[in-house]
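S.K.: Just dropping this structure here.
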Amino acid sequence: MTRFMIAGTNSGCGKTTVTCAILSALNKRGEKVSAFKCGPDYIDPMFHRRAIGIPSHNLDSFFCDDKTLRSVLCEYSHEISVIEGVMGFYDGGKNSAYSVSETTETPVIIVIDCKGMSDSIGAVMKGFLNFCKPNNISGFIFNRLSEKIIPLVKKMCRELGTEYFGYLPKTDITFESRRLGLVTADEVDHIMGKLDNLGELAEKHLYLNKMTGLKAKVMNGHMPLIKEFDDPPVIAVAQDRAFCFQYAENISLLEKFGCRIKYFSPLDDDRLPEADGLILCGGYPEIYAEKLSSNISMKESIKNAVSAGMPTIAECGGFIYLHKSLTDENGRSYPLAGVIDGEMFPTKRLQRFGYAAMTANADNLLCRKGDTIRIHEFHYWDSTSCGDGFTAEKNDGRKYECGHISDTLYAGFPHLYLYANVGIAERFISKCRIYGGKNG
């Protein structure tokens, strides 16, 4: 088994493009490849999944202690593991790609966007190699590099004692962006054709054999002890174009407990499937507000289930859906499920963006009063009723109230990562079993 990280000098330098090119090429070779993404990103793993045909997983050093982080990597690794970094390699302190590479002892290849540069490429390389030592930087990939300066770049690599892993030329193969990141893979026209073309570029211009030959230390890790429930519950999980932000590890953990997952679409289905619990994950309900609003039978089905006490986790986009209404950026208002007596409205900037820890103000579906849960927020829409079930605190000391809670409900903007606290999953499953009458 081998692994390496594709990191970058900054956000937007081409990490995802390069990673997808490598994944596509290795997959086409018939290699057993696994993919990972540093940090709380949902969208980049969707592109990974399209490139290799299996779920991509997150490695988040805020949510996970070092032991759990290594365990997640071990659990989901195949013969070749490709890890995509987050932001610039050193950005984020303890939550940086650099930190993940050190914790997992993973070789790193840095992507440099070379558009408009020549000799300055050497200065960038030297800076990254020397900024923080020790580091695991093995070499560089040069994105949008002019072919005529390849000899110069190779010479600079030799002089700096680092490896040249190839380049990607300027190309018209692009992935569009929106405010929360790239447009999701399912929305990209001819996505498989684009990934195939990127794979061909990787085979032609990147030193794939040199990458897969990188030596990484053997990893050992042990997941938390999980006892499978007798007569486990059925969990209905929203999954469609509007609800697509879900950590693969969250679902995998529920399945390890024995839960049976039933996926459904609030956009296209007419009602909830028969289930003992409900998860409404994040996504883009604001983009599909008109269609979600017009699906009256689904809205009523979900409202009735939540009101009847079906244990429900509704994060961010799912929280939005439970509101009485949503106003879009053109001022049009759409009635939604009506569980939360509040209105969603657009803002011009990210609200309460980033990591935080929230402490429960009362016993609830997820935990007991006084317990603390690590969270992440990433949204432009805001609510007239954010809730006061938890008090969240950021690293800089800022505090705010969030979350609607009850014995059977958690609904709020904050996203949860279940491996950060496996007890949350156990408590949720236990409530689902009680609701479903499964051995009390």
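Going by the structure tokens order, chains are called A, B, ..., each with residues numbered from 1, while ligands are numbered from 1 in the order shown.
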Excluding A:Arg260 and residues on its chain fewer than 5 positions from it, collect all residues at most 8 Å away from it, counting only C-alpha atoms, and give them as a short mmCIF file (atom, residue, chain, number, x, y, z; two decimals) with C-alpha atoms, in the first residue's frame.
M.R.:
```cif
data_model
loop_
_atom_site.label_atom_id
_atom_site.label_comp_id
_atom_site.auth_asym_id
_atom_site.auth_seq_id
_atom_site.Cartn_x
_atom_site.Cartn_y
_atom_site.Cartn_z
CA PRO A 232 -31.24 -2.05 14.44
CA PRO A 233 -33.36 0.78 13.05
CA VAL A 234 -33.99 1.95 9.51
CA ILE A 235 -32.74 5.49 8.85
CA GLU A 255 -24.09 1.02 9.03
#
```
S.K.: Could you give me, as number ranges by chain, each residue of stretch 188-383 of chain A that DSSP assigns to strand (DSSP E or B) when run on this structure's backbone?
M.R.: A: 206, 234-238, 243-245, 260-264, 277-280, 282-283, 312-315, 323-327, 333-335, 340-345, 354-360, 372-377, 382-383
S.K.: Those same residues - C-alpha atoms - I'd like them written as a compact mmCIF listing (two decimals), in the first residue's frame.
M.R.:
```txt
# COMPACT_ATOMS: atom_id res chain seq x y z
CA LEU A 206 2.53 13.52 -14.93
CA VAL A 234 -33.99 1.95 9.51
CA ILE A 235 -32.74 5.49 8.85
CA ALA A 236 -34.21 7.57 6.02
CA VAL A 237 -31.45 9.79 4.54
CA ALA A 238 -32.13 12.61 2.08
CA PHE A 243 -29.38 17.48 -0.35
CA CYS A 244 -25.91 16.21 -1.21
CA PHE A 245 -23.60 17.33 1.62
CA ARG A 260 -30.20 0.06 7.38
CA ILE A 261 -30.08 3.21 5.25
CA LYS A 262 -32.98 4.14 2.97
CA TYR A 263 -32.16 7.01 0.65
CA PHE A 264 -34.96 9.24 -0.62
CA GLY A 277 -35.27 7.90 12.00
CA LEU A 278 -34.54 10.74 9.60
CA ILE A 279 -31.42 12.61 8.45
CA LEU A 280 -31.78 15.76 6.37
CA GLY A 282 -26.85 19.89 3.90
CA GLY A 283 -26.80 20.96 0.29
CA THR A 312 -34.46 13.73 13.22
CA ILE A 313 -31.08 15.28 12.50
CA ALA A 314 -31.39 18.29 10.14
CA GLU A 315 -28.12 20.05 9.31
CA HIS A 323 -38.45 26.26 8.04
CA LYS A 324 -41.80 27.89 7.39
CA SER A 325 -40.47 29.66 4.31
CA LEU A 326 -37.39 30.68 2.32
CA THR A 327 -36.88 33.96 0.49
CA SER A 333 -40.83 33.53 -0.95
CA TYR A 334 -41.41 29.77 -0.97
CA PRO A 335 -43.32 27.84 1.70
CA ILE A 340 -39.46 25.55 12.39
CA ASP A 341 -41.48 28.74 12.88
CA GLY A 342 -39.00 30.96 11.11
CA GLU A 343 -38.00 32.37 7.74
CA MET A 344 -34.80 31.85 5.75
CA PHE A 345 -33.30 34.87 4.00
CA GLY A 354 -15.77 27.85 10.26
CA TYR A 355 -15.13 25.52 13.13
CA ALA A 356 -16.62 25.90 16.60
CA ALA A 357 -17.60 23.85 19.64
CA MET A 358 -21.19 23.95 20.84
CA THR A 359 -22.34 23.13 24.37
CA ALA A 360 -25.84 21.81 25.02
CA THR A 372 -19.80 19.73 23.99
CA ILE A 373 -19.85 18.82 20.30
CA ARG A 374 -17.38 20.00 17.64
CA ILE A 375 -19.08 21.53 14.59
CA HIS A 376 -18.52 23.35 11.30
CA GLU A 377 -20.68 26.02 9.63
CA ASP A 382 -29.62 32.94 7.66
CA SER A 383 -32.72 32.43 9.77
```
S.K.: Mind checking which residues fall within 10 Å of A:Ser71, counting only C-alpha atoms, ignoring those fewer than 4 positions away in the same chain, and posting them as an NGL selection string?
M.R.: :A and (59 or 64-67 or 75-77 or 104 or 219-224)
S.K.: Write a file of the selected residues as a JSON list (two decimals), in the first residue's frame, keeping N, CA and C atoms.
M.R.:
```json
[["chain", "number", "residue", "atom", "x", "y", "z"],
["A", 59, "LEU", "N", -10.57, 13.64, 5.94],
["A", 59, "LEU", "CA", -9.58, 13.58, 7.02],
["A", 59, "LEU", "C", -9.55, 14.96, 7.67],
["A", 64, "CYS", "N", -11.23, 15.16, 14.50],
["A", 64, "CYS", "CA", -10.62, 13.90, 14.94],
["A", 64, "CYS", "C", -9.31, 14.14, 15.69],
["A", 65, "ASP", "N", -9.11, 13.40, 16.78],
["A", 65, "ASP", "CA", -7.78, 13.39, 17.38],
["A", 65, "ASP", "C", -6.85, 12.59, 16.46],
["A", 66, "ASP", "N", -5.56, 12.62, 16.77],
["A", 66, "ASP", "CA", -4.57, 12.00, 15.87],
["A", 66, "ASP", "C", -4.85, 10.52, 15.66],
["A", 67, "LYS", "N", -5.21, 9.82, 16.73],
["A", 67, "LYS", "CA", -5.45, 8.38, 16.62],
["A", 67, "LYS", "C", -6.63, 8.10, 15.71],
["A", 75, "GLU", "N", -8.79, 2.72, 7.73],
["A", 75, "GLU", "CA", -10.06, 2.02, 7.50],
["A", 75, "GLU", "C", -10.46, 2.03, 6.03],
["A", 76, "TYR", "N", -10.25, 3.17, 5.36],
["A", 76, "TYR", "CA", -10.79, 3.33, 4.01],
["A", 76, "TYR", "C", -9.71, 3.33, 2.92],
["A", 77, "SER", "N", -8.48, 2.97, 3.27],
["A", 77, "SER", "CA", -7.41, 2.95, 2.27],
["A", 77, "SER", "C", -7.42, 1.66, 1.46],
["A", 104, "THR", "N", -0.22, 11.76, 9.70],
["A", 104, "THR", "CA", -0.32, 10.49, 8.97],
["A", 104, "THR", "C", 0.99, 10.09, 8.30],
["A", 219, "MET", "N", 0.80, 2.45, 8.29],
["A", 219, "MET", "CA", -0.08, 3.08, 9.26],
["A", 219, "MET", "C", -0.80, 2.02, 10.09],
["A", 220, "ASN", "N", -0.90, 2.26, 11.38],
["A", 220, "ASN", "CA", -1.72, 1.44, 12.25],
["A", 220, "ASN", "C", -2.78, 2.33, 12.88],
["A", 221, "GLY", "N", -4.00, 1.82, 12.94],
["A", 221, "GLY", "CA", -5.07, 2.59, 13.55],
["A", 221, "GLY", "C", -6.20, 1.67, 13.96],
["A", 222, "HIS", "N", -6.91, 2.08, 14.99],
["A", 222, "HIS", "CA", -8.02, 1.28, 15.47],
["A", 222, "HIS", "C", -9.23, 2.18, 15.65],
["A", 223, "MET", "N", -10.31, 1.84, 14.96],
["A", 223, "MET", "CA", -11.54, 2.59, 15.10],
["A", 223, "MET", "C", -12.12, 2.38, 16.49],
["A", 224, "PRO", "N", -12.97, 3.32, 16.95],
["A", 224, "PRO", "CA", -13.64, 3.12, 18.23],
["A", 224, "PRO", "C", -14.41, 1.80, 18.23]]
```
S.K.: Just the helix (DSSP H, G or I) stuff from stretch 315-391 of chain A, please, per backbone DSSP, written as a PyMOL selection string.
M.R.: chain A and resi 317-321
S.K.: Produce a file of the selected residues containing C-alpha atoms, as a PDB file, in the first residue's frame.
M.R.:
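Output file again12.pdb is given in full below:
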```
ATOM      1  CA  GLY A 317     -29.664  22.629   4.193  1.00  0.00           C
ATOM      2  CA  GLY A 318     -31.910  20.193   6.056  1.00  0.00           C
ATOM      3  CA  PHE A 319     -32.468  22.863   8.704  1.00  0.00           C
ATOM      4  CA  ILE A 320     -33.405  25.317   5.952  1.00  0.00           C
ATOM      5  CA  TYR A 321     -35.950  22.839   4.577  1.00  0.00           C
TER       6      TYR A 321
END
```
S.K.: Using only C-alpha atoms for the distances, tell me which of A:Tyr42, A:Phe131, A:Phe142, A:Tyr98 is nearest to A:His415.
M.R.: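 Smallest distance to A:His415 is found for A:Tyr42.
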S.K.: Leaving out A:Lys217 and any residue of its chain fewer than 2 positions from it, which residues lie within 12 Å of it when counting only C-alpha atoms, given as an NGL selection string?
M.R.: :A and (1-4 or 70 or 74 or 101-107 or 136 or 214-215 or 219-220)
S.K.: Write the residues of the preceding selection, restricted to N, CA and C atoms, as a PDB file, in the first residue's frame.
M.R.:
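Writing the result to selection04.pdb gives the following:
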```pdb
ATOM      1  N   MET A   1       0.838  -1.188   0.000  1.00  0.00           N
ATOM      2  CA  MET A   1       0.000   0.000   0.000  1.00  0.00           C
ATOM      3  C   MET A   1       0.874   1.240   0.000  1.00  0.00           C
ATOM      4  N   THR A   2       0.451   2.272  -0.691  1.00  0.00           N
ATOM      5  CA  THR A   2       1.174   3.534  -0.719  1.00  0.00           C
ATOM      6  C   THR A   2       0.171   4.664  -0.664  1.00  0.00           C
ATOM      7  N   ARG A   3       0.639   5.842  -0.312  1.00  0.00           N
ATOM      8  CA  ARG A   3      -0.246   7.003  -0.255  1.00  0.00           C
ATOM      9  C   ARG A   3       0.593   8.257  -0.481  1.00  0.00           C
ATOM     10  N   PHE A   4      -0.089   9.305  -0.967  1.00  0.00           N
ATOM     11  CA  PHE A   4       0.551  10.604  -1.107  1.00  0.00           C
ATOM     12  C   PHE A   4      -0.530  11.661  -1.092  1.00  0.00           C
ATOM     13  N   ARG A  70      -5.772   8.834  11.976  1.00  0.00           N
ATOM     14  CA  ARG A  70      -5.025   7.738  11.358  1.00  0.00           C
ATOM     15  C   ARG A  70      -5.910   6.517  11.142  1.00  0.00           C
ATOM     16  N   CYS A  74      -6.636   4.510   7.682  1.00  0.00           N
ATOM     17  CA  CYS A  74      -6.407   3.056   7.558  1.00  0.00           C
ATOM     18  C   CYS A  74      -7.676   2.339   7.126  1.00  0.00           C
ATOM     19  N   SER A 101      -0.663  15.828   7.035  1.00  0.00           N
ATOM     20  CA  SER A 101       0.476  15.085   6.458  1.00  0.00           C
ATOM     21  C   SER A 101       1.449  14.653   7.546  1.00  0.00           C
ATOM     22  N   GLU A 102       1.636  15.487   8.563  1.00  0.00           N
ATOM     23  CA  GLU A 102       2.537  15.128   9.653  1.00  0.00           C
ATOM     24  C   GLU A 102       1.940  14.020  10.513  1.00  0.00           C
ATOM     25  N   THR A 103       0.648  14.145  10.828  1.00  0.00           N
ATOM     26  CA  THR A 103      -0.007  13.145  11.676  1.00  0.00           C
ATOM     27  C   THR A 103      -0.028  11.774  11.012  1.00  0.00           C
ATOM     28  N   THR A 104      -0.216  11.763   9.700  1.00  0.00           N
ATOM     29  CA  THR A 104      -0.318  10.487   8.971  1.00  0.00           C
ATOM     30  C   THR A 104       0.986  10.090   8.297  1.00  0.00           C
ATOM     31  N   GLU A 105       2.017  10.923   8.449  1.00  0.00           N
ATOM     32  CA  GLU A 105       3.335  10.652   7.862  1.00  0.00           C
ATOM     33  C   GLU A 105       3.216  10.338   6.368  1.00  0.00           C
ATOM     34  N   THR A 106       2.530  11.240   5.670  1.00  0.00           N
ATOM     35  CA  THR A 106       2.230  11.054   4.247  1.00  0.00           C
ATOM     36  C   THR A 106       3.107  11.946   3.374  1.00  0.00           C
ATOM     37  N   PRO A 107       3.757  11.394   2.347  1.00  0.00           N
ATOM     38  CA  PRO A 107       4.500  12.220   1.393  1.00  0.00           C
ATOM     39  C   PRO A 107       3.581  13.223   0.689  1.00  0.00           C
ATOM     40  N   ASN A 136       6.983  16.928   4.937  1.00  0.00           N
ATOM     41  CA  ASN A 136       6.981  15.718   4.107  1.00  0.00           C
ATOM     42  C   ASN A 136       6.876  16.023   2.617  1.00  0.00           C
ATOM     43  N   LEU A 214       6.257   6.398  -4.168  1.00  0.00           N
ATOM     44  CA  LEU A 214       6.656   7.099  -2.957  1.00  0.00           C
ATOM     45  C   LEU A 214       6.518   6.193  -1.732  1.00  0.00           C
ATOM     46  N   LYS A 215       7.467   6.245  -0.850  1.00  0.00           N
ATOM     47  CA  LYS A 215       7.465   5.396   0.333  1.00  0.00           C
ATOM     48  C   LYS A 215       6.771   6.116   1.488  1.00  0.00           C
ATOM     49  N   MET A 219       0.801   2.449   8.286  1.00  0.00           N
ATOM     50  CA  MET A 219      -0.079   3.080   9.265  1.00  0.00           C
ATOM     51  C   MET A 219      -0.796   2.023  10.087  1.00  0.00           C
ATOM     52  N   ASN A 220      -0.902   2.263  11.380  1.00  0.00           N
ATOM     53  CA  ASN A 220      -1.720   1.444  12.252  1.00  0.00           C
ATOM     54  C   ASN A 220      -2.784   2.330  12.877  1.00  0.00           C
TER      55      ASN A 220
END
```
S.K.: Enumerate, in order of chain and increasing residue number, the residues of stretch 128-239 of chain A with an atom no farther than 6 Å from stretch 9-29 of chain A, each with its shortest atom pair and distance in Å to one decimal, counting only C-alpha atoms, as CSV.
M.R.:
```
residue,atom,partner,partner_atom,distance
A:Leu198,CA,A:Ala21,CA,4.6
A:Gly199,CA,A:Ala25,CA,4.2
A:Ala202,CA,A:Ala21,CA,5.6
```
